[in-house]
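Structure data follow from structure-v6.cif (mmCIF, C-alpha atoms):
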data_structure
loop_
_atom_site.group_PDB
_atom_site.id
_atom_site.type_symbol
_atom_site.label_atom_id
_atom_site.label_comp_id
_atom_site.auth_asym_id
_atom_site.auth_seq_id
_atom_site.Cartn_x
_atom_site.Cartn_y
_atom_site.Cartn_z
ATOM 1 C CA MET A 1 0.000 0.000 0.000
ATOM 2 C CA LYS A 2 1.363 3.396 -0.997
ATOM 3 C CA ARG A 3 1.921 5.852 1.839
ATOM 4 C CA PRO A 4 0.621 9.407 1.498
ATOM 5 C CA ALA A 5 3.257 12.067 0.820
ATOM 6 C CA GLY A 6 2.200 13.959 3.954
ATOM 7 C CA LEU A 7 3.249 11.002 6.092
ATOM 8 C CA TYR A 8 6.828 11.533 4.947
ATOM 9 C CA LEU A 9 6.585 15.088 6.247
ATOM 10 C CA ALA A 10 5.661 13.631 9.648
ATOM 11 C CA TYR A 11 8.724 11.376 9.406
ATOM 12 C CA LEU A 12 10.812 14.459 8.646
ATOM 13 C CA PHE A 13 9.616 16.139 11.848
ATOM 14 C CA GLN A 14 10.424 12.965 13.798
ATOM 15 C CA PHE A 15 13.910 13.008 12.296
ATOM 16 C CA LEU A 16 14.279 16.701 13.246
ATOM 17 C CA ILE A 17 13.206 15.920 16.821
ATOM 18 C CA ALA A 18 15.894 13.221 16.963
ATOM 19 C CA GLY A 19 18.435 15.743 15.641
ATOM 20 C CA ASN A 20 17.430 18.226 18.336
ATOM 21 C CA ILE A 21 17.871 15.513 20.977
ATOM 22 C CA LEU A 22 21.448 15.042 19.775
ATOM 23 C CA ILE A 23 22.035 18.804 19.858
ATOM 24 C CA ALA A 24 20.691 19.020 23.418
ATOM 25 C CA PHE A 25 22.884 16.089 24.448
ATOM 26 C CA SER A 26 25.977 17.729 22.957
ATOM 27 C CA LEU A 27 25.154 20.930 24.855
ATOM 28 C CA GLY A 28 24.668 19.067 28.123
ATOM 29 C CA GLU A 29 20.988 20.042 28.340
ATOM 30 C CA TYR A 30 19.867 16.724 29.782
ATOM 31 C CA SER A 31 16.407 17.898 30.810
ATOM 32 C CA GLN A 32 15.830 18.803 27.148
ATOM 33 C CA VAL A 33 17.177 15.413 26.074
ATOM 34 C CA PHE A 34 14.617 13.788 28.362
ATOM 35 C CA GLY A 35 11.818 15.978 26.988
ATOM 36 C CA GLY A 36 12.926 15.256 23.433
ATOM 37 C CA ILE A 37 12.912 11.502 23.993
ATOM 38 C CA ILE A 38 9.410 11.697 25.461
ATOM 39 C CA ALA A 39 8.289 13.816 22.483
ATOM 40 C CA LEU A 40 9.829 11.404 19.978
ATOM 41 C CA GLY A 41 8.042 8.521 21.688
ATOM 42 C CA LEU A 42 4.735 10.396 21.550
ATOM 43 C CA THR A 43 5.123 10.962 17.808
ATOM 44 C CA MET A 44 5.110 7.190 17.377
ATOM 45 C CA VAL A 45 1.838 6.634 19.242
ATOM 46 C CA PRO A 46 -0.521 7.245 16.259
ATOM 47 C CA ALA A 47 1.360 4.680 14.148
ATOM 48 C CA ALA A 48 1.305 2.180 17.006
ATOM 49 C CA VAL A 49 -2.426 2.700 17.519
ATOM 50 C CA THR A 50 -3.026 2.207 13.810
ATOM 51 C CA ARG A 51 -0.989 -0.995 13.712
ATOM 52 C CA ARG A 52 -2.270 -2.575 16.896
ATOM 53 C CA GLY A 53 -5.682 -1.047 17.307
ATOM 54 C CA TYR A 54 -7.330 -2.245 14.123
ATOM 55 C CA ILE A 55 -8.260 1.307 13.254
ATOM 56 C CA THR A 56 -6.926 3.558 10.540
ATOM 57 C CA LEU A 57 -6.006 7.043 11.639
ATOM 58 C CA PRO A 58 -5.575 9.699 8.962
ATOM 59 C CA TRP A 59 -1.975 10.620 8.175
ATOM 60 C CA GLU A 60 -2.798 14.199 9.148
ATOM 61 C CA ILE A 61 -2.892 13.102 12.789
ATOM 62 C CA ASN A 62 0.678 11.788 12.565
ATOM 63 C CA LEU A 63 1.714 15.067 10.959
ATOM 64 C CA LEU A 64 -0.029 17.270 13.526
ATOM 65 C CA VAL A 65 1.438 15.340 16.466
ATOM 66 C CA ALA A 66 4.947 15.391 15.017
ATOM 67 C CA LEU A 67 4.714 19.074 14.038
ATOM 68 C CA SER A 68 3.391 20.274 17.388
ATOM 69 C CA LEU A 69 6.002 18.328 19.358
ATOM 70 C CA TYR A 70 8.777 19.440 17.013
ATOM 71 C CA LEU A 71 7.789 23.090 17.462
ATOM 72 C CA HIS A 72 8.084 22.795 21.243
ATOM 73 C CA ILE A 73 11.298 20.771 21.255
ATOM 74 C CA ALA A 74 13.058 22.944 18.662
ATOM 75 C CA GLY A 75 11.738 26.086 20.299
ATOM 76 C CA GLU A 76 13.483 25.258 23.531
ATOM 77 C CA ILE A 77 16.627 23.505 22.303
ATOM 78 C CA ARG A 78 17.383 25.793 19.365
ATOM 79 C CA GLY A 79 16.239 28.951 21.152
ATOM 80 C CA PHE A 80 13.394 29.766 18.751
ATOM 81 C CA TYR A 81 11.163 30.790 21.658
ATOM 82 C CA MET A 82 13.532 33.603 22.571
ATOM 83 C CA LEU A 83 14.681 34.399 19.043
ATOM 84 C CA TYR A 84 11.154 34.880 17.708
ATOM 85 C CA TYR A 85 9.459 35.883 20.982
ATOM 86 C CA PRO A 86 6.447 36.081 21.379
ATOM 87 C CA TYR A 87 5.285 34.914 17.947
ATOM 88 C CA TYR A 88 6.934 31.497 17.838
ATOM 89 C CA ASP A 89 5.503 30.583 21.234
ATOM 90 C CA LYS A 90 1.977 31.526 20.225
ATOM 91 C CA VAL A 91 2.177 29.632 16.916
ATOM 92 C CA ALA A 92 3.522 26.563 18.742
ATOM 93 C CA HIS A 93 0.702 26.671 21.289
ATOM 94 C CA PHE A 94 -1.906 27.287 18.584
ATOM 95 C CA VAL A 95 -0.745 24.257 16.576
ATOM 96 C CA SER A 96 -0.650 22.182 19.748
ATOM 97 C CA GLY A 97 -4.171 23.302 20.645
ATOM 98 C CA MET A 98 -5.396 22.248 17.210
ATOM 99 C CA THR A 99 -3.626 18.902 17.594
ATOM 100 C CA VAL A 100 -5.178 18.221 20.983
ATOM 101 C CA SER A 101 -8.602 19.200 19.639
ATOM 102 C CA VAL A 102 -8.263 16.853 16.666
ATOM 103 C CA LEU A 103 -7.086 14.035 18.943
ATOM 104 C CA ALA A 104 -10.011 14.640 21.291
ATOM 105 C CA PHE A 105 -12.385 14.629 18.312
ATOM 106 C CA VAL A 106 -10.995 11.323 17.055
ATOM 107 C CA ALA A 107 -11.123 9.831 20.551
ATOM 108 C CA VAL A 108 -14.732 10.840 21.148
ATOM 109 C CA LEU A 109 -15.748 9.603 17.697
ATOM 110 C CA LEU A 110 -14.094 6.251 18.368
ATOM 111 C CA LEU A 111 -15.776 6.017 21.766
ATOM 112 C CA ASP A 112 -19.087 6.964 20.216
ATOM 113 C CA GLN A 113 -18.688 4.521 17.322
ATOM 114 C CA PHE A 114 -17.267 1.490 19.117
ATOM 115 C CA GLY A 115 -18.590 2.135 22.605
ATOM 116 C CA GLY A 116 -22.167 2.602 21.488
ATOM 117 C CA LEU A 117 -22.497 5.854 23.424
ATOM 118 C CA ASN A 118 -24.581 7.714 20.825
ATOM 119 C CA LEU A 119 -23.569 11.113 22.186
ATOM 120 C CA PRO A 120 -25.370 14.311 21.193
ATOM 121 C CA ARG A 121 -23.328 16.925 19.342
ATOM 122 C CA TRP A 122 -23.173 19.312 22.285
ATOM 123 C CA MET A 123 -21.467 16.618 24.376
ATOM 124 C CA ILE A 124 -18.934 15.922 21.638
ATOM 125 C CA VAL A 125 -18.115 19.634 21.337
ATOM 126 C CA GLY A 126 -17.951 19.933 25.128
ATOM 127 C CA PHE A 127 -15.575 16.986 25.351
ATOM 128 C CA ILE A 128 -13.292 18.530 22.735
ATOM 129 C CA VAL A 129 -13.226 21.934 24.455
ATOM 130 C CA ILE A 130 -12.654 20.453 27.920
ATOM 131 C CA SER A 131 -9.908 18.155 26.598
ATOM 132 C CA ALA A 132 -8.085 21.053 24.940
ATOM 133 C CA MET A 133 -8.378 23.180 28.080
ATOM 134 C CA ALA A 134 -7.170 20.339 30.312
ATOM 135 C CA MET A 135 -4.178 19.636 28.089
ATOM 136 C CA GLY A 136 -3.303 23.338 28.083
ATOM 137 C CA ALA A 137 -3.397 23.372 31.873
ATOM 138 C CA PHE A 138 -1.249 20.229 32.100
ATOM 139 C CA TRP A 139 1.251 21.734 29.652
ATOM 140 C CA GLU A 140 1.581 24.911 31.708
ATOM 141 C CA ILE A 141 2.001 22.825 34.876
ATOM 142 C CA TYR A 142 4.730 20.860 33.074
ATOM 143 C CA GLU A 143 6.480 24.134 32.188
ATOM 144 C CA TRP A 144 6.224 25.349 35.786
ATOM 145 C CA VAL A 145 7.582 22.061 37.181
ATOM 146 C CA PHE A 146 10.553 22.113 34.798
ATOM 147 C CA ASP A 147 11.260 25.773 35.595
ATOM 148 C CA THR A 148 10.995 25.210 39.333
ATOM 149 C CA PHE A 149 12.857 21.937 39.719
ATOM 150 C CA LEU A 150 15.170 21.728 36.700
ATOM 151 C CA GLY A 151 16.048 25.397 36.268
ATOM 152 C CA THR A 152 14.710 25.792 32.732
ATOM 153 C CA ASP A 153 13.126 29.015 31.468
ATOM 154 C CA LEU A 154 9.900 27.847 29.819
ATOM 155 C CA GLN A 155 7.515 30.372 31.351
ATOM 156 C CA HIS A 156 7.948 34.102 31.031
ATOM 157 C CA GLY A 157 5.462 35.418 33.538
ATOM 158 C CA LEU A 158 1.720 35.360 34.025
ATOM 159 C CA ASP A 159 0.887 37.049 30.710
ATOM 160 C CA ASP A 160 2.848 34.415 28.802
ATOM 161 C CA THR A 161 1.113 31.590 30.666
ATOM 162 C CA MET A 162 -2.359 33.017 30.133
ATOM 163 C CA LEU A 163 -1.763 33.694 26.428
ATOM 164 C CA ASP A 164 -0.376 30.171 26.004
ATOM 165 C CA MET A 165 -3.551 28.751 27.541
ATOM 166 C CA ILE A 166 -5.739 30.955 25.354
ATOM 167 C CA PHE A 167 -3.951 29.801 22.224
#
Hey, can you dump this file as structure tokens for me?
Amino acid sequence: MKRPAGLYLAYLFQFLIAGNILIAFSLGEYSQVFGGIIALGLTMVPAAVTRRGYITLPWEINLLVALSLYLHIAGEIRGFYMLYYPYYDKVAHFVSGMTVSVLAFVAVLLLDQFGGLNLPRWMIVGFIVISAMAMGAFWEIYEWVFDTFLGTDLQHGLDDTMLDMIF
């Protein structure tokens, strides 16, 4: 079966994440190496679900996951957050918000389809919005934990945190 061309773009972003892990390792930024390894592992989840879950996820999901994680990893390791502040940060959070929303939509559709829930549209929309908001909150908590305990500089004050959550 021929793979869509967009899937190769997702592979490119995975390759770039791996390259950023090597850069972080060479710089001695071991907290970023850890984050990069986690991100690289997360980019492989859609393919694993497709192979083992007997469902076919669109290639766009692989691309969105890889792109959003690449933006965050490269932003920190390569300094894009500071170099293109505040625009890069907002674009990265916007793409990540779209990714989480699409993943929530797919998850609720799968639950509805295979779980026999027969949910009304307002519940599906509510689930998507709540999932995106929860993931945004978890992401900001992650940034705070890394800043507090590992000495990184992921958050730049209350305005930055609130705008990240809005995006």
List every residue of stretch 47-106 of chain A that has an atom at most 9 Å from any atom of stretch 149-163 of chain A, giving for each one its closest atom pair and the distance in Å to one decimal, counting only C-alpha atoms, sorted by chain and then by ascending residue number, as a tab-separated table.
residue	atom	partner	partner_atom	distance
A:Glu76	CA	A:Leu154	CA	7.7
A:Tyr81	CA	A:Leu154	CA	8.8
A:Pro86	CA	A:Asp160	CA	8.4
A:Asp89	CA	A:Asp160	CA	8.9
A:Lys90	CA	A:Leu163	CA	7.6
Inset, instruction - Could you list the residues chosen by the PyMOL selection byres ((chain A and resi 127-134) around 9) in this structure as a PyMOL selection string? - result: chain A and resi 97-105+108+122-126+135-139+165-166
Inset, instruction - Mind checking which residues fall within 12 Å of stretch 52-68 of chain A, counting only C-alpha atoms, ignoring those fewer than 4 positions away in the same chain, and posting them as a PyMOL selection string? - result: chain A and resi 3-18+36+38-48+72-75+88-107+109-110+113-114
Inset, instruction - Provide the atom CA of A:Val33 to atom CA of A:Asp164 distance in Å, to one decimal place. - result: 22.9 Å
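Between atom CA of A:Val49 and atom CA of A:Ile77 the separation is 28.6 Å.
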Inset, instruction - Figure out the distance between atom CA of A:Leu71 and atom CA of A:Tyr87, please, to one decimal in Å. - result: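 Atom CA of A:Leu71 lies 12.1 Å from atom CA of A:Tyr87.
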